[in-house]
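Visitor: Please find one structure pasted underneath; my questions will follow.
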Amino acid sequence: MRRHITHYLAAYITGELPPHLARRVGQHVQVCDSCYAALQRERDLTSTLQTQFATFGVPRPAQLARVRPAVLMAMQAPPAPRRFWPGMGLVLALSLVVALLLPMLVAPRLVSAINVPDQHGPDVLAGTMSIPVTDTPAQVHVAPTAVAQRLEEAATALPDLVPPPAPVAQATPGR
Amino acid sequence: MNDSYPGGSMESLQALITRALAGDQGAYANLYDHYATGLYRLAYSILLDEQDSEDVLQESFIYAFRNLHRYDPERGAFHTWLYTITVSRCRNMRRRKVLPTVELVKLLAIGQEPAASHRETPEAALARLGVRHALEHGLKTLSPRLREAVALRYGQGLTYREMADVLGCPQKTAESRIRLAHEALARALGESGQTLLEELWGF
């Protein structure tokens with residue numbers, strides 16, 4: 001992109017243009033009055049800025065003396081160690097979230113496991129439970145009917161094993 | 001890239017840095033004494049506030065000294081590296097607070113004024129102060145980026161290449177910022193500034 005010659009004047013004055021550009025600018029300002037005037041204005045401004053900035057913002061000795069001890073003292077003490085590992089905050093936050101969510105995830109399963117419906121309860125309850133009722137509990141538990149049957153069998157066999165009690169003598173009235 | 005250091009060459013500066021890296025407090029003090037004025041002037045030219053400039057000076061040196069092992073002479077001069085840190089701290093300071101309005105009277109404190117030449121007449125001194133007033137007024141009209149450019153260019157005497165390194169921009173951008181700053185300063189100086197300039201050069 002071609003730039004107007006005025007873009008190069010500041011660098012031309014301080015000799016920071018590449019030789020081929022400096023040559024072209026120099027040739028142009030010799031034949032162009034307006035650009036020559038612009039170059040003179042740029043020279044005046046540059047000179048003024050250089051002169052004024054040479055003493056601009058010079059600190060008082062007291063100012064530098066005030067900062068110096070603080071800088072040197074900071075270099076005597078090692079940098080304060082980090083109190084926390086940089087990722088510690090994130091880890092703590094994640095741990096807290098997990099700690100809060102874990103009971104919510106696990107609790108329903110525990111409740112379901114505890115509230116397994118009675119195999120002999122109403123059928124309507126079995127249909128409403130989250131865990132489907134299978135035949136497995138029937139294999140584990142002995143059905144009450146079977147227990148009753150075995151008790152009856154034991155009772156009938158009992159007379160064979162245990163002798164019947166001796167008949168009690170009848171008291172004779174009037175003796 | 002060469003780096004200027006009084007009473008020595010690039011090697012002596014490197015030796016000073018090496019001693020500082022080894023924990024030599026005297027080396028830190030020498031580095032501070034040599035570069036503090038330049039860094040303060042740079043900060044003040046950008047921020048136009050004494051207290052803020054002192055804060056930036058302190059922050060810049062502490063950061064630079066603690067990160068001295070990161071300085072690579074192959075990548076640039078030591079003072080350029082320090083200027084980069086200072087400009088960055090100035091930007092941080094500017095973000096932290098609104099740039100205050102500075103009274104010219106405060107800017108022109110007697111203690112800050114360079115001693116007038118014995119040959120300078122009262123009229124010339126008055127004209128010089130007038131130009132300075134106009135210049136400071138012009139600086140305040142510049143955007144922060146343009147003020148940074150002007151401070152580095154005229155306050156620190158950097159080339160466009162060095163300015164580009166410090167500002168983290170292409171050299172063409174640095175040139176453009178100076179050109180824009182010149183235009184703005186010329187407008188700000190206006191007729192009164194031009195008259196004052198003529199009076200100054202006339203004396």
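Residues in the structure tokens are numbered from 1 in each chain, the chains being A, B, ... in the order shown, and ligands are numbered from 1 in the order shown.
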Tell me, counting only C-alpha atoms, for each residue of chain B within 9 Å of chain A, which pair of atoms is nearest and how far apart they are in Å to one decimal, in rows ordered by chain and increasing number, as a tab-separated table.

Guide:
residue	atom	partner	partner_atom	distance
B:Gly23	CA	A:Met75	CA	8.1
B:Gln25	CA	A:Leu72	CA	7.2
B:Tyr28	CA	A:Leu72	CA	7.0
B:Ala29	CA	A:Leu72	CA	6.9
B:Tyr32	CA	A:Arg68	CA	7.3
B:Asp33	CA	A:Arg68	CA	8.3
B:Ala36	CA	A:Leu64	CA	7.0
B:Thr37	CA	A:Pro59	CA	6.5
B:Gly38	CA	A:Val58	CA	8.3
B:Tyr40	CA	A:Pro59	CA	6.8
B:Arg41	CA	A:Gly57	CA	4.9
B:Leu42	CA	A:Gly57	CA	7.9
B:Ala43	CA	A:Gly57	CA	8.6
B:Tyr44	CA	A:Gly57	CA	5.8
B:Ser45	CA	A:Gly57	CA	6.4
B:Leu48	CA	A:Gly57	CA	8.3
B:Glu50	CA	A:Pro59	CA	8.6
B:Glu54	CA	A:Val67	CA	6.8
B:Asp55	CA	A:Val67	CA	8.1
B:Leu57	CA	A:Val67	CA	7.6
B:Gln58	CA	A:Val67	CA	6.0
B:Glu59	CA	A:Val71	CA	8.2
B:Phe61	CA	A:Val71	CA	6.6
B:Ile62	CA	A:Val71	CA	5.8
B:Phe65	CA	A:Met75	CA	7.5
B:Arg66	CA	A:Met75	CA	7.5
B:Leu107	CA	A:Gly57	CA	8.4
B:Gly111	CA	A:Arg60	CA	6.6
B:Gln112	CA	A:Val58	CA	6.2
B:Glu113	CA	A:Thr55	CA	7.7
B:Pro114	CA	A:Thr55	CA	6.6
B:Arg128	CA	A:Gln52	CA	8.7
B:Val131	CA	A:Gln52	CA	8.3
B:Arg132	CA	A:Gln52	CA	6.8
B:Leu135	CA	A:Gln52	CA	8.0
B:Val150	CA	A:Leu49	CA	8.7
B:Ala151	CA	A:Phe53	CA	7.9
B:Arg153	CA	A:Gln50	CA	8.7
B:Tyr154	CA	A:Gln50	CA	5.4
B:Gly155	CA	A:Phe53	CA	5.1
B:Gln156	CA	A:Ala54	CA	8.5
B:Gly157	CA	A:Gln50	CA	8.4
B:Thr159	CA	A:Glu16	CA	7.9
B:Tyr160	CA	A:Glu16	CA	7.9
B:Glu175	CA	A:Ala11	CA	7.7
B:Ser176	CA	A:His7	CA	7.4
B:Ile178	CA	A:Ala10	CA	8.0
B:Arg179	CA	A:His7	CA	6.8
B:His182	CA	A:Leu45	CA	7.4
B:Leu185	CA	A:Leu45	CA	8.5
B:Ala186	CA	A:Leu45	CA	7.5
B:Leu197	CA	A:Thr48	CA	7.9

Visitor: Excluding same-chain residues fewer than 3 positions from Ser60 of chain B, what lies within 7 Å of it counting only C-alpha atoms, as a list in words?

Guide: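 Listed by chain and then number, they are Val56, Leu57, Tyr63, Ala64, Ile85, Thr86 and Arg89 of chain B.
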
Visitor: Please measure the separation of atom CA of Val31 of chain A and atom CA of Gly15 of chain A, giving the value in Å to one decimal.

Guide: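 Calculated distance between atom CA of Val31 of chain A and atom CA of Gly15 of chain A is 20.2 Å.
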
Visitor: Quick one: distance from atom CA of Cys32 of chain A to atom CA of Tyr12 of chain A in Å, one decimal?

Guide: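 So the two atoms, atom CA of Cys32 of chain A and atom CA of Tyr12 of chain A, lie 15.7 Å apart.
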
Visitor: Could you jot down the atom CA of Arg23 of chain A to atom CA of Lys172 of chain B separation for me, Å, one decimal place?

Guide: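 Pair atom CA of Arg23 of chain A / atom CA of Lys172 of chain B returns 19.0 Å.
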
Visitor: Which is closer to Asn92 of chain B than all the others in B:Pro170, B:Asp52, B:Arg147, B:Tyr71, using only C-alpha atoms?

Guide: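 Using only C-alpha atoms, the shortest distance to Asn92 of chain B belongs to B:Asp52.
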
Visitor: Need to verify the contact set: segment 15-20 of chain B, 9 Å, only C-alpha atoms, exclusion of same-chain residues closer than 4 positions in sequence. Can you return it as a PyMOL selection string?

Guide: chain B and resi 10-11+24-28+30-31+65+68-69

Visitor: Take the selection from the previous step and output its residues with all heavy atoms, as a compact mmCIF listing (two decimals), in the first residue's frame.

Guide:
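The resulting part-v4.txt:
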# COMPACT_ATOMS: atom_id res chain seq x y z
N MET B 10 28.72 -3.70 27.84
CA MET B 10 27.69 -4.72 27.94
C MET B 10 28.10 -5.82 28.92
O MET B 10 27.29 -6.34 29.67
CB MET B 10 27.44 -5.31 26.56
CG MET B 10 26.34 -6.32 26.49
SD MET B 10 24.75 -5.54 26.81
CE MET B 10 23.71 -6.99 26.69
N GLU B 11 29.43 -6.10 28.93
CA GLU B 11 29.91 -7.16 29.81
C GLU B 11 29.71 -6.79 31.27
O GLU B 11 29.34 -7.60 32.09
CB GLU B 11 31.39 -7.45 29.54
CG GLU B 11 31.66 -8.22 28.26
CD GLU B 11 31.42 -7.40 27.01
OE1 GLU B 11 31.58 -6.16 27.07
OE2 GLU B 11 31.05 -7.96 25.98
N ASP B 24 23.22 -10.76 45.27
CA ASP B 24 24.02 -9.63 45.74
C ASP B 24 23.15 -8.38 45.85
O ASP B 24 22.69 -7.84 44.84
CB ASP B 24 25.18 -9.41 44.76
CG ASP B 24 26.14 -8.34 45.24
OD1 ASP B 24 25.76 -7.54 46.11
OD2 ASP B 24 27.28 -8.31 44.74
N GLN B 25 22.93 -7.92 47.07
CA GLN B 25 22.08 -6.74 47.27
C GLN B 25 22.70 -5.48 46.66
O GLN B 25 21.98 -4.61 46.18
CB GLN B 25 21.86 -6.52 48.77
CG GLN B 25 20.96 -7.55 49.42
CD GLN B 25 19.53 -7.45 48.91
OE1 GLN B 25 18.93 -6.38 48.92
NE2 GLN B 25 18.99 -8.57 48.45
N GLY B 26 24.02 -5.42 46.67
CA GLY B 26 24.68 -4.26 46.08
C GLY B 26 24.42 -4.16 44.59
O GLY B 26 24.28 -3.05 44.05
N ALA B 27 24.33 -5.30 43.93
CA ALA B 27 24.05 -5.29 42.49
C ALA B 27 22.62 -4.79 42.23
O ALA B 27 22.39 -4.00 41.29
CB ALA B 27 24.23 -6.69 41.92
N TYR B 28 21.70 -5.23 43.05
CA TYR B 28 20.32 -4.72 42.91
C TYR B 28 20.30 -3.20 43.10
O TYR B 28 19.63 -2.47 42.36
CB TYR B 28 19.40 -5.37 43.95
CG TYR B 28 19.03 -6.79 43.64
CD1 TYR B 28 19.22 -7.79 44.58
CD2 TYR B 28 18.45 -7.14 42.43
CE1 TYR B 28 18.87 -9.11 44.33
CE2 TYR B 28 18.09 -8.44 42.15
CZ TYR B 28 18.30 -9.43 43.11
OH TYR B 28 17.96 -10.72 42.85
N ASN B 30 22.71 -1.07 42.62
CA ASN B 30 23.33 -0.39 41.48
C ASN B 30 22.38 -0.32 40.29
O ASN B 30 22.28 0.71 39.61
CB ASN B 30 24.60 -1.13 41.06
CG ASN B 30 25.75 -0.88 42.03
OD1 ASN B 30 25.66 0.01 42.88
ND2 ASN B 30 26.79 -1.67 41.92
N LEU B 31 21.69 -1.42 40.04
CA LEU B 31 20.74 -1.43 38.92
C LEU B 31 19.62 -0.42 39.18
O LEU B 31 19.21 0.31 38.27
CB LEU B 31 20.15 -2.83 38.74
CG LEU B 31 21.10 -3.88 38.13
CD1 LEU B 31 20.47 -5.27 38.21
CD2 LEU B 31 21.42 -3.53 36.68
N PHE B 65 13.36 -7.55 39.03
CA PHE B 65 14.41 -8.23 39.81
C PHE B 65 14.02 -9.68 40.10
O PHE B 65 14.88 -10.56 40.09
CB PHE B 65 14.66 -7.47 41.11
CG PHE B 65 15.42 -6.19 40.92
CD1 PHE B 65 15.51 -5.25 41.94
CD2 PHE B 65 16.05 -5.90 39.71
CE1 PHE B 65 16.21 -4.06 41.76
CE2 PHE B 65 16.75 -4.72 39.52
CZ PHE B 65 16.83 -3.80 40.56
N LEU B 68 14.54 -11.64 36.87
CA LEU B 68 15.79 -11.31 36.19
C LEU B 68 16.33 -12.50 35.39
O LEU B 68 16.96 -12.31 34.34
CB LEU B 68 16.83 -10.88 37.24
CG LEU B 68 17.94 -9.92 36.80
CD1 LEU B 68 17.38 -8.70 36.09
CD2 LEU B 68 18.77 -9.49 38.01
N HIS B 69 16.05 -13.69 35.87
CA HIS B 69 16.53 -14.88 35.15
C HIS B 69 15.85 -15.04 33.79
O HIS B 69 16.33 -15.77 32.93
CB HIS B 69 16.27 -16.13 36.00
CG HIS B 69 14.81 -16.34 36.32
ND1 HIS B 69 14.16 -15.61 37.30
CD2 HIS B 69 13.90 -17.16 35.79
CE1 HIS B 69 12.90 -16.00 37.37
NE2 HIS B 69 12.70 -16.93 36.46
